[in-house]
Structures are given as structure tokens and as C-alpha cells.
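Content type compact mmCIF, C-alpha atoms, from the file input.txt:
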```
# COMPACT_ATOMS: atom_id res chain seq x y z
CA MET A 1 56.93 13.08 2.08
CA ASP A 2 54.13 10.64 1.25
CA PHE A 3 51.50 12.07 -1.12
CA ARG A 4 48.08 10.45 -0.84
CA LYS A 5 44.58 10.91 -2.21
CA VAL A 6 41.89 10.65 0.43
CA SER A 7 38.19 11.45 0.86
CA ILE A 8 36.96 14.33 2.99
CA GLY A 9 35.41 11.76 5.34
CA GLU A 10 38.82 10.27 6.10
CA LEU A 11 40.13 13.59 7.37
CA LEU A 12 39.73 14.34 11.06
CA LEU A 13 39.95 17.91 12.31
CA ASP A 14 42.55 18.47 15.02
CA PRO A 15 40.78 19.26 18.32
CA ASN A 16 44.11 20.41 19.77
CA ASN A 17 44.74 22.86 16.95
CA TYR A 18 46.47 25.95 18.33
CA ARG A 19 43.89 28.11 16.60
CA LEU A 20 41.30 26.76 19.07
CA ARG A 21 43.30 26.95 22.27
CA GLY A 22 42.37 30.52 23.06
CA ALA A 23 38.66 29.67 23.02
CA GLU A 24 36.90 29.57 26.37
CA ASN A 25 35.38 26.13 25.63
CA TYR A 26 38.64 24.54 24.47
CA LYS A 27 39.44 21.14 25.98
CA TYR A 28 42.49 18.99 25.34
CA VAL A 29 41.62 15.73 23.56
CA GLU A 30 43.76 12.58 23.70
CA ASP A 31 44.63 10.87 20.41
CA LYS A 32 42.36 7.91 21.16
CA ASN A 33 39.33 10.23 21.30
CA ILE A 34 40.04 12.41 18.25
CA ASN A 35 37.80 10.32 15.98
CA ASN A 36 34.88 10.60 18.39
CA VAL A 37 31.87 11.91 16.46
CA MET A 38 30.95 14.46 19.13
CA VAL A 39 34.52 15.71 19.33
CA GLN A 40 34.61 16.25 15.57
CA LYS A 41 31.27 18.07 15.63
CA ARG A 42 32.50 20.38 18.38
CA VAL A 43 35.76 21.15 16.56
CA LEU A 44 33.96 21.85 13.29
CA LYS A 45 31.60 24.21 15.09
CA MET A 46 34.51 26.03 16.77
CA LEU A 47 36.41 26.39 13.49
CA ARG A 48 33.33 27.68 11.70
CA GLY A 49 32.36 30.28 14.28
CA ASP A 50 28.91 31.85 14.41
CA ASN A 51 27.21 31.63 11.00
CA SER A 52 30.50 30.23 9.59
CA ALA A 53 32.09 33.67 10.04
CA ASN A 54 35.57 32.21 10.68
CA ILE A 55 35.69 30.39 7.36
CA LYS A 56 33.52 32.67 5.23
CA ASP A 57 36.53 33.79 3.18
CA LEU A 58 37.28 30.19 2.23
CA LEU A 59 33.64 29.32 1.53
CA ASP A 60 33.33 32.29 -0.82
CA SER A 61 36.66 31.50 -2.48
CA PHE A 62 35.85 27.82 -3.07
CA LYS A 63 32.42 28.66 -4.48
CA GLU A 64 33.89 31.29 -6.79
CA ASN A 65 37.20 29.73 -7.82
CA GLY A 66 36.87 26.07 -6.98
CA TYR A 67 39.49 24.33 -4.85
CA LEU A 68 42.91 25.77 -5.62
CA LYS A 69 45.73 23.73 -4.13
CA ILE A 70 47.99 26.62 -3.21
CA ASP A 71 49.35 24.91 -0.09
CA ASN A 72 49.47 21.23 0.78
CA ILE A 73 47.16 19.87 3.43
CA ILE A 74 49.44 18.09 5.86
CA VAL A 75 48.14 15.10 7.81
CA LYS A 76 49.40 12.46 10.18
CA ASN A 77 48.08 8.94 10.61
CA LEU A 78 45.95 8.41 13.69
CA GLY A 79 47.04 4.81 13.91
CA LYS A 80 44.01 3.36 12.18
CA GLU A 81 43.42 2.68 8.51
CA ASN A 82 41.86 5.55 6.57
CA GLU A 83 41.92 7.97 9.50
CA TYR A 84 44.14 11.03 9.21
CA VAL A 85 44.40 13.98 11.56
CA VAL A 86 44.90 17.31 9.82
CA VAL A 87 48.16 18.89 10.97
CA GLU A 88 48.04 21.92 8.67
CA GLY A 89 44.93 23.04 6.79
CA ASN A 90 42.17 22.66 9.39
CA ARG A 91 40.32 25.78 8.18
CA ARG A 92 40.34 24.54 4.58
CA VAL A 93 39.13 21.09 5.57
CA ALA A 94 36.43 22.63 7.78
CA ALA A 95 35.27 24.74 4.83
CA LEU A 96 35.17 21.69 2.53
CA LYS A 97 33.25 19.66 5.12
CA THR A 98 30.75 22.51 5.36
CA LEU A 99 30.34 22.64 1.59
CA LYS A 100 29.90 18.87 1.43
CA GLU A 101 27.03 19.17 3.93
CA LEU A 102 25.44 21.77 1.66
CA TYR A 103 26.01 19.59 -1.40
CA ASP A 104 24.50 16.52 0.29
CA ASP A 105 21.44 18.64 1.11
CA GLY A 106 21.09 19.61 -2.54
CA MET A 107 22.34 23.16 -2.04
CA ASP A 108 24.43 25.14 -4.53
CA ILE A 109 28.21 25.04 -4.02
CA GLY A 110 29.10 27.29 -6.93
CA ASN A 111 32.12 26.39 -9.02
CA LEU A 112 33.50 23.83 -6.58
CA ASP A 113 33.86 20.40 -8.22
CA PRO A 114 32.11 17.92 -5.88
CA GLY A 115 34.69 15.34 -6.94
CA ILE A 116 37.05 16.95 -4.46
CA PHE A 117 35.07 15.34 -1.65
CA ASP A 118 36.15 11.87 -2.77
CA GLY A 119 39.70 12.62 -3.89
CA MET A 120 41.77 15.20 -2.05
CA ASP A 121 45.56 15.37 -2.32
CA VAL A 122 47.26 15.42 1.08
CA VAL A 123 50.79 14.99 2.34
CA LEU A 124 51.34 12.38 5.04
CA TYR A 125 54.05 13.39 7.49
CA ASP A 126 55.50 11.19 10.17
CA VAL A 127 56.39 14.09 12.43
CA SER A 128 57.52 14.21 16.04
CA ASP A 129 55.84 16.55 18.49
CA LYS A 130 58.77 18.96 18.22
CA GLU A 131 58.64 18.98 14.41
CA TYR A 132 54.89 19.55 14.59
CA GLU A 133 55.38 22.59 16.85
CA ILE A 134 57.98 24.09 14.48
CA ILE A 135 55.77 23.52 11.41
CA MET A 136 52.94 25.32 13.19
CA GLY A 137 55.25 28.12 14.24
CA LEU A 138 56.59 28.68 10.74
CA ARG A 139 53.05 28.91 9.44
CA HIS A 140 51.33 30.91 12.15
CA VAL A 141 53.88 32.80 14.26
CA SER A 142 56.19 34.07 11.55
CA GLY A 143 54.05 32.92 8.62
CA ILE A 144 51.26 34.17 6.41
CA LYS A 145 48.21 33.58 8.64
CA GLU A 146 49.09 34.65 12.16
CA TRP A 147 47.40 33.24 15.23
CA GLY A 148 46.39 35.42 18.14
CA ASP A 149 48.81 36.44 20.89
CA TYR A 150 47.86 33.55 23.16
CA GLU A 151 48.25 30.80 20.56
CA GLN A 152 51.66 32.14 19.50
CA ALA A 153 52.78 32.40 23.12
CA GLU A 154 51.65 28.87 23.98
CA LEU A 155 53.45 27.32 21.03
CA ILE A 156 56.70 29.10 21.92
CA ALA A 157 56.28 28.03 25.56
CA ASN A 158 55.87 24.41 24.44
CA LEU A 159 59.05 24.57 22.39
CA ALA A 160 60.91 25.99 25.39
CA ARG A 161 59.49 23.76 28.11
CA ASN A 162 58.63 20.48 26.40
CA HIS A 163 61.48 20.38 23.90
CA LYS A 164 64.09 22.32 25.91
CA MET A 165 64.86 24.69 23.07
CA SER A 166 66.75 27.91 23.84
CA LEU A 167 65.47 31.33 22.87
CA ARG A 168 68.00 31.47 20.05
CA GLU A 169 67.05 28.01 18.78
CA ILE A 170 63.36 28.92 18.75
CA ALA A 171 64.09 32.23 17.03
CA ASN A 172 66.19 30.55 14.36
CA SER A 173 63.64 27.77 13.85
CA LEU A 174 60.71 30.16 13.43
CA GLY A 175 62.56 32.94 11.65
CA ILE A 176 61.74 35.63 14.22
CA SER A 177 63.85 37.68 16.61
CA ALA A 178 64.96 36.33 19.99
CA LEU A 179 63.45 39.46 21.54
CA MET A 180 60.02 38.57 20.17
CA VAL A 181 60.42 34.99 21.38
CA LYS A 182 61.24 36.25 24.88
CA LYS A 183 58.29 38.62 24.95
CA ARG A 184 55.89 35.90 23.78
CA LEU A 185 57.32 33.50 26.34
CA ASN A 186 57.02 36.00 29.19
CA THR A 187 53.45 36.74 28.10
CA TYR A 188 52.54 33.07 28.38
CA TYR A 189 54.12 32.73 31.83
CA ALA A 190 52.30 35.85 33.06
CA LEU A 191 48.98 34.56 31.70
CA GLU A 192 49.54 31.25 33.48
CA ILE A 193 50.11 33.10 36.77
CA PHE A 194 46.79 34.88 36.31
CA ARG A 195 45.05 31.68 35.24
CA ASN A 196 46.19 29.82 38.37
CA ASP A 197 45.39 32.64 40.80
CA GLN A 198 42.80 31.45 43.32
CA ASP A 199 41.02 34.82 43.43
CA TYR A 200 41.19 36.00 39.82
CA GLY A 201 41.70 32.87 37.72
CA TRP A 202 37.96 32.49 37.21
CA ALA A 203 38.11 35.47 34.84
CA PHE A 204 40.79 33.91 32.62
CA ALA A 205 39.85 34.54 28.99
CA PRO A 206 42.97 34.18 26.82
CA ASN A 207 41.54 35.81 23.70
CA LYS A 208 40.67 38.92 25.73
CA LEU A 209 43.66 39.05 28.07
CA SER A 210 46.56 37.90 25.88
CA SER A 211 47.00 41.21 24.04
CA ILE A 212 46.83 43.10 27.35
CA PHE A 213 49.48 40.88 28.96
CA TYR A 214 51.61 41.08 25.80
CA GLU A 215 51.64 44.86 26.24
CA ILE A 216 52.34 44.58 29.98
CA MET A 217 55.34 42.32 29.42
CA GLY A 218 56.68 44.79 26.85
CA LYS A 219 56.63 47.75 29.25
CA GLY A 220 59.75 47.63 31.45
CA VAL A 221 58.44 50.22 33.90
CA ILE A 222 55.42 48.00 34.63
CA ARG A 223 57.04 44.59 34.22
CA ASP A 224 60.33 45.19 36.04
CA GLN A 225 60.01 48.29 38.22
CA TRP A 226 56.44 47.96 39.44
CA LEU A 227 55.77 44.21 39.26
CA GLY A 228 59.35 43.04 39.84
CA TRP A 229 59.56 40.41 37.09
CA ASP A 230 62.12 37.70 37.87
CA GLU A 231 63.64 36.22 34.69
CA GLU A 232 64.87 33.08 36.43
CA LEU A 233 61.66 32.29 38.29
CA ASN A 234 59.40 33.54 35.47
CA SER A 235 57.28 35.20 38.10
CA PHE A 236 56.38 38.55 39.66
CA THR A 237 58.15 39.24 42.94
CA ASN A 238 55.95 42.18 43.98
CA LYS A 239 52.85 40.15 44.82
CA LYS A 240 50.98 43.15 46.22
CA ASN A 241 51.23 45.08 42.96
CA MET A 242 50.59 41.93 40.95
CA ARG A 243 47.28 41.32 42.69
CA ARG A 244 46.41 44.98 42.38
CA LEU A 245 46.95 44.73 38.62
CA PHE A 246 44.86 41.56 38.43
CA SER A 247 42.00 43.36 40.19
CA TRP A 248 41.97 45.93 37.39
CA LEU A 249 41.51 43.18 34.80
CA VAL A 250 38.33 41.61 36.21
CA PRO A 251 34.76 42.84 36.78
CA ASN A 252 34.07 44.31 40.20
CA GLU A 253 30.93 44.46 42.30
CA ALA A 254 29.80 47.95 43.33
CA ASP A 255 28.31 48.78 46.73
CA ASP A 256 24.82 48.57 45.26
CA GLY A 257 25.51 45.10 43.89
CA LYS A 258 25.88 46.28 40.30
CA LEU A 259 28.62 44.53 38.31
CA LEU A 260 31.21 46.97 36.99
CA GLU A 261 33.34 46.40 33.91
CA PRO A 262 37.10 45.83 34.42
CA ILE A 263 39.16 49.02 34.70
CA ILE A 264 41.47 47.83 31.91
CA THR A 265 39.87 46.18 28.87
CA LYS A 266 42.28 46.79 25.98
CA ARG A 267 46.00 46.91 25.29
CA ASP A 268 46.06 50.64 24.46
CA GLU A 269 45.20 51.38 28.08
CA ILE A 270 48.40 49.64 29.17
CA ARG A 271 50.40 52.19 27.19
CA VAL A 272 48.69 54.96 29.17
CA LEU A 273 49.10 53.04 32.41
CA ALA A 274 52.85 52.85 31.85
CA LYS A 275 53.00 56.65 32.08
CA ILE A 276 51.38 56.80 35.53
CA ILE A 277 52.30 53.45 37.07
CA MET A 278 54.88 55.00 39.45
CA ASP A 279 52.46 57.75 40.55
CA GLU A 280 50.54 56.38 43.55
CA GLU A 281 48.08 59.27 43.62
CA ALA A 282 47.22 58.60 39.99
CA LEU A 283 46.68 54.90 40.73
CA VAL A 284 44.32 55.74 43.57
CA LYS A 285 42.41 57.98 41.16
CA LEU A 286 42.40 55.11 38.67
CA GLU A 287 40.67 52.86 41.18
CA GLU A 288 38.23 55.55 42.28
CA SER A 289 37.21 56.60 38.77
CA ARG A 290 37.74 53.18 37.12
CA SER A 291 39.13 55.10 34.15
CA VAL A 292 42.70 55.15 32.86
CA ALA A 293 42.02 58.40 31.01
CA VAL A 294 40.77 60.19 34.15
CA ALA A 295 43.76 58.95 36.15
CA LEU A 296 46.13 60.31 33.50
CA GLU A 297 44.45 63.72 33.55
CA GLU A 298 44.87 63.90 37.34
CA SER A 299 48.49 62.78 37.30
CA GLY A 300 51.67 64.84 37.41
CA VAL A 301 52.65 63.22 34.13
CA TYR A 302 49.67 64.80 32.41
CA LEU A 303 50.53 68.23 33.82
CA LYS A 304 54.13 67.89 32.67
CA GLU A 305 53.09 66.78 29.20
CA GLY A 306 50.54 69.59 29.09
CA LEU A 307 53.24 72.11 29.97
CA LYS A 308 55.51 70.73 27.27
CA ASP A 309 52.75 71.03 24.70
CA SER A 310 51.96 74.58 25.82
CA LEU A 311 55.62 75.63 25.52
CA LYS A 312 55.80 74.15 22.02
CA GLN A 313 52.72 76.11 21.02
CA ILE A 314 54.18 79.34 22.45
CA ILE A 315 57.40 78.85 20.46
CA LYS A 316 55.41 78.23 17.28
CA LEU A 317 53.34 81.39 17.84
CA LEU A 318 56.43 83.50 18.51
CA ASN A 319 58.08 82.22 15.36
CA LYS A 320 55.01 83.26 13.36
CA LEU A 321 54.66 86.63 15.10
CA ASN A 322 54.64 89.61 12.71
CA LEU A 323 56.09 92.47 14.75
CA GLY A 324 54.98 95.00 12.15
CA ALA A 325 51.38 94.10 12.88
CA LEU A 326 51.73 95.26 16.50
CA THR A 327 51.33 98.91 15.41
CA GLU A 328 47.91 98.09 14.01
CA LEU A 329 46.54 96.58 17.21
CA THR A 330 43.69 98.26 19.05
CA LYS A 331 44.30 100.04 22.32
CA GLU A 332 42.83 97.09 24.24
CA ASP A 333 45.01 94.54 22.40
CA LYS A 334 48.15 96.63 23.07
CA GLN A 335 47.26 96.69 26.76
CA THR A 336 46.96 92.87 26.70
CA VAL A 337 50.46 92.58 25.22
CA LYS A 338 51.87 94.89 27.91
CA GLU A 339 50.24 92.78 30.65
CA MET A 340 51.69 89.61 29.14
CA LEU A 341 55.22 91.10 29.01
CA GLY A 342 54.84 92.32 32.59
CA LYS A 343 53.89 88.86 33.85
CA LEU A 344 56.78 87.25 32.00
CA GLU A 345 59.20 89.80 33.46
CA ASN A 346 57.89 89.23 36.99
CA GLN A 347 58.15 85.44 36.69
CA SER A 348 61.43 85.26 34.74
CA GLY A 349 63.62 85.15 37.83
CA LEU A 350 61.69 82.27 39.41
CA ILE A 351 61.50 80.38 36.12
CA ASN A 352 65.27 80.65 35.60
CA LYS A 353 65.91 79.24 39.07
CA LEU A 354 63.55 76.31 38.49
CA ILE A 355 65.06 75.28 35.16
CA GLU A 356 68.74 75.72 36.11
```

Kindly present the structure from the file in C-alpha cells form.
Amino acid sequence: MDFRKVSIGELLLDPNNYRLRGAENYKYVEDKNINNVMVQKRVLKMLRGDNSANIKDLLDSFKENGYLKIDNIIVKNLGKENEYVVVEGNRRVAALKTLKELYDDGMDIGNLDPGIFDGMDVVLYDVSDKEYEIIMGLRHVSGIKEWGDYEQAELIANLARNHKMSLREIANSLGISALMVKKRLNTYYALEIFRNDQDYGWAFAPNKLSSIFYEIMGKGVIRDQWLGWDEELNSFTNKKNMRRLFSWLVPNEADDGKLLEPIITKRDEIRVLAKIIMDEEALVKLEESRSVAVALEESGVYLKEGLKDSLKQIIKLLNKLNLGALTELTKEDKQTVKEMLGKLENQSGLINKLIE
């Protein structure tokens, strides 16, 4: 490790930071263009978010506590003198750059010592691409500040495809289970299929879709039985069902020209979908109503679950029944009990045959 003291102006934000890759306006930037002024402005804006919402916690902390070097800022040399790309710590550097702008404009920066802008401690690493991926994974897949589903999935996919690491090697390197690695990897492959689809790829929005696909690839009844996931090809073999699923994830135009919201918009709906995915009548109802909840209510699964709940309630009521209180019932209530017993007696034979 090579410890250095640099100015905030010598630090370049990483435009290919995984934290940014799920953004709709993300574009890959070659090393030779990283120091481009417009590139750096765009990256800073993306890291900040609207009204600096994405770094507000750091801005408040630096103003209140000053700059506390809890973790090292890791950089790599861009190949030119006094130009370093931030490998780890882009949010912190973005926050400091923001505060320097305020300071230069004569604005209050609280308890932050402005001397930090001219002398920051960083660690220079001469890391390979593979080592860079693993550092990022340790920090943001299994580490303290997790990325979103898409960013985690893409990093794991890069380790598998670009560096030919096995599931076990990735799991051991990142300190997570091989099962989680596989699920993240399958999620990325499924998202890429959607992204490259000629009819639906236009609606690709990783930050919105990644959690939905993560849930899909974790439901065997959807992934394997209904979509026919092939582990060797990393693809869906049931193309008809695949395209049907994709159609539920994008807006649809109604007969009157009005744009309708996608049928499925959040991961919780996938958990409901898994219950009815093998019920064709329920799926037709899903497409007619454009509601997962309505489709569930119309499905045989819902009726079965409703019956189970009803039986549980009956058992609870019988267990609480005070037989001594029957003598105190009114004439009308006693007649109701007799009718109930009569119906049970009449149906008992049929019920016994059905449950045998």
C-alpha cells in the first residue's frame, strides 16, 4: 500500500462506479476520458442526486463532526501525474467536492476544516480489474453499505464472465453463500435477456426491475416450471411464457389510447404471482383486470386458502365453546344450532369421501 496526501482537485470520481450503473443515464467511460470536465460534472451530479439527497448524510456528518477518517479512500493512478481515480470512497469525495464549492462561495461548512481540501490522505493501489471487482464486492455486496440488486448482480456477473471465477470462488472471495451468488448471477442474466428483447427492451430500467427479477429467479415454480430456466444456457426455454411475463412488466396502451401502468410493479407481487402461475384461468383474469390481487381472489388457490382459514377458525371456536352456555340460549339461537348440526350431518358422508 502506498499512502499519499493529495488535494481534492487531484481526485477524479469514477464514472464507471457500480453505484451508478443502475441509473438510466449511465454510460460507460473509457479511462482516457475520465478526466474530462463534463464527465466529472455528470458523475458528481449523479452521485449527489436531486438536492444532494444521495449524500446528505455525509454532508451533515462532515459539517457536524468534521472529516473523520474511518475508512481509507482508495485510489488508482490514471496514468498522468496528480490525477487519481477514486476506487473506493466516491460518495465521500463527492460530498467533500460539494462542500468545497460551498466554501469557495463563502458559505458555511460547519466544523469541517477547510485544510482537508488541500491535504487528504489516500491509499494508492495498483490493482488489477479482478482485484478491483473483489474489493468492490467485499464493500458493497457483503459489506456495510450495500448496493442495489442490479449493481450487486452485475459485479458478480463480471467476476464469473470476465475473470472466469466459479460460484464457489466468488462466494469465498466475497464472504457470501454460493446460493446467493447463483441467484444474483441468474438475476443479471434474466435482466440482460429483457434488456436485449426487441419488443420490451425499451422499458429496461434496472433500478425498477432488478428487485422484481431477483424475486422471479428465486421462485422455482416461476423460474423452472413456468419459464423453463436452463442453467447451462442461462436462458428461458419457454419463450411464449417469457414474453408473456415481459408484457406484464411494461406499460400497455388501452383501446382508447390511454397508457396503462405495468401489471407488475413491485417484488411483493411476484410472491403472489408464484401462487397462481400454474392456474391459466387466474392468469387470464390477471391480464383482464391488470391486478395481481384480483387474479388471486378469482383463483382456485385463493379458494383453497380461504377454506383452510375457515377450518382453522371453526376449530378455534369449537375449542372455546362453553357447552354449559347452550342451556342459556334463546329459542331462536337453539334453532340455529340445530340447523347447523343438521347440515353437518347431511354433508358428513360427502365430506368424508372427498377427504379420504

Neighbour list for range 43-55 of chain A as a PyMOL selection string, cut-off 9 Å, all atoms listed in the file, skip fewer than 3 positions in-chain: chain A and resi 13-16+19-20+23+25-26+38-40+58-60+90-92+94-95+97-98

Which residue of A:Asn162, A:Asn346, A:Asn241, A:Ser247 approaches Asp199 in chain A most closely, using only C-alpha atoms: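 That would be A:Ser247, the residue with the smallest distance to Asp199 in chain A.
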
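Minimum atom-to-atom distances from A:Leu96, A:Val6, A:Ala203, A:Val37 to Glu261 in chain A were compared using only C-alpha atoms, and the lowest value belongs to A:Ala203.
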
Polymer residues at most 10 Å from Ala171 in chain A, all atoms listed in the file, same-chain spacing of 3 or more positions, as a list in words: Ser142, Ile156, Met165, Ser166, Leu167, Arg168, Leu174, Gly175, Ile176, Ser177, Ala178, Leu179, Met180, Val181 and Lys182 of chain A

d(CA of Gly119 in chain A, CA of Ile8 in chain A) in Å: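 Interatomic distance here is 7.6 Å.
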
Counting all atoms listed in the file, the residue of A:Ala153, A:Ile193, A:Val123, A:Leu102 that sits nearest Val87 in chain A: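 Closest candidate: A:Val123.
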
Atomic separation - CA of Ser210 in chain A relative to CA of Ser299 in chain A, Å: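 For CA of Ser299 in chain A relative to CA of Ser210 in chain A, the distance reads 27.4 Å.
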
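Checking A:Tyr200, A:Phe62, A:Phe3, A:Tyr67 one by one against Val250 in chain A, counting all atoms listed in the file, you find the shortest gap at A:Tyr200.
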
Between CA of Leu11 in chain A and CA of Asp149 in chain A - distance in Å to one decimal: 27.9 Å

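Of the residues listed (A:Gly218, A:Gly148, A:Gly137, A:Gly66), A:Gly66 shows the shortest atom-to-atom separation from Leu99 in chain A; distances use only C-alpha atoms.
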
Spatial sel., origin (33.7, 41.9, 36.3), limit 10 Å, all atoms listed in the file, listed as a count of residues only: 14

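The nearest approach to Gly22 in chain A among the residues A:Leu233, A:Met217, A:Leu155, A:Ala295, with all atoms listed in the file taken into account, belongs to A:Leu155.
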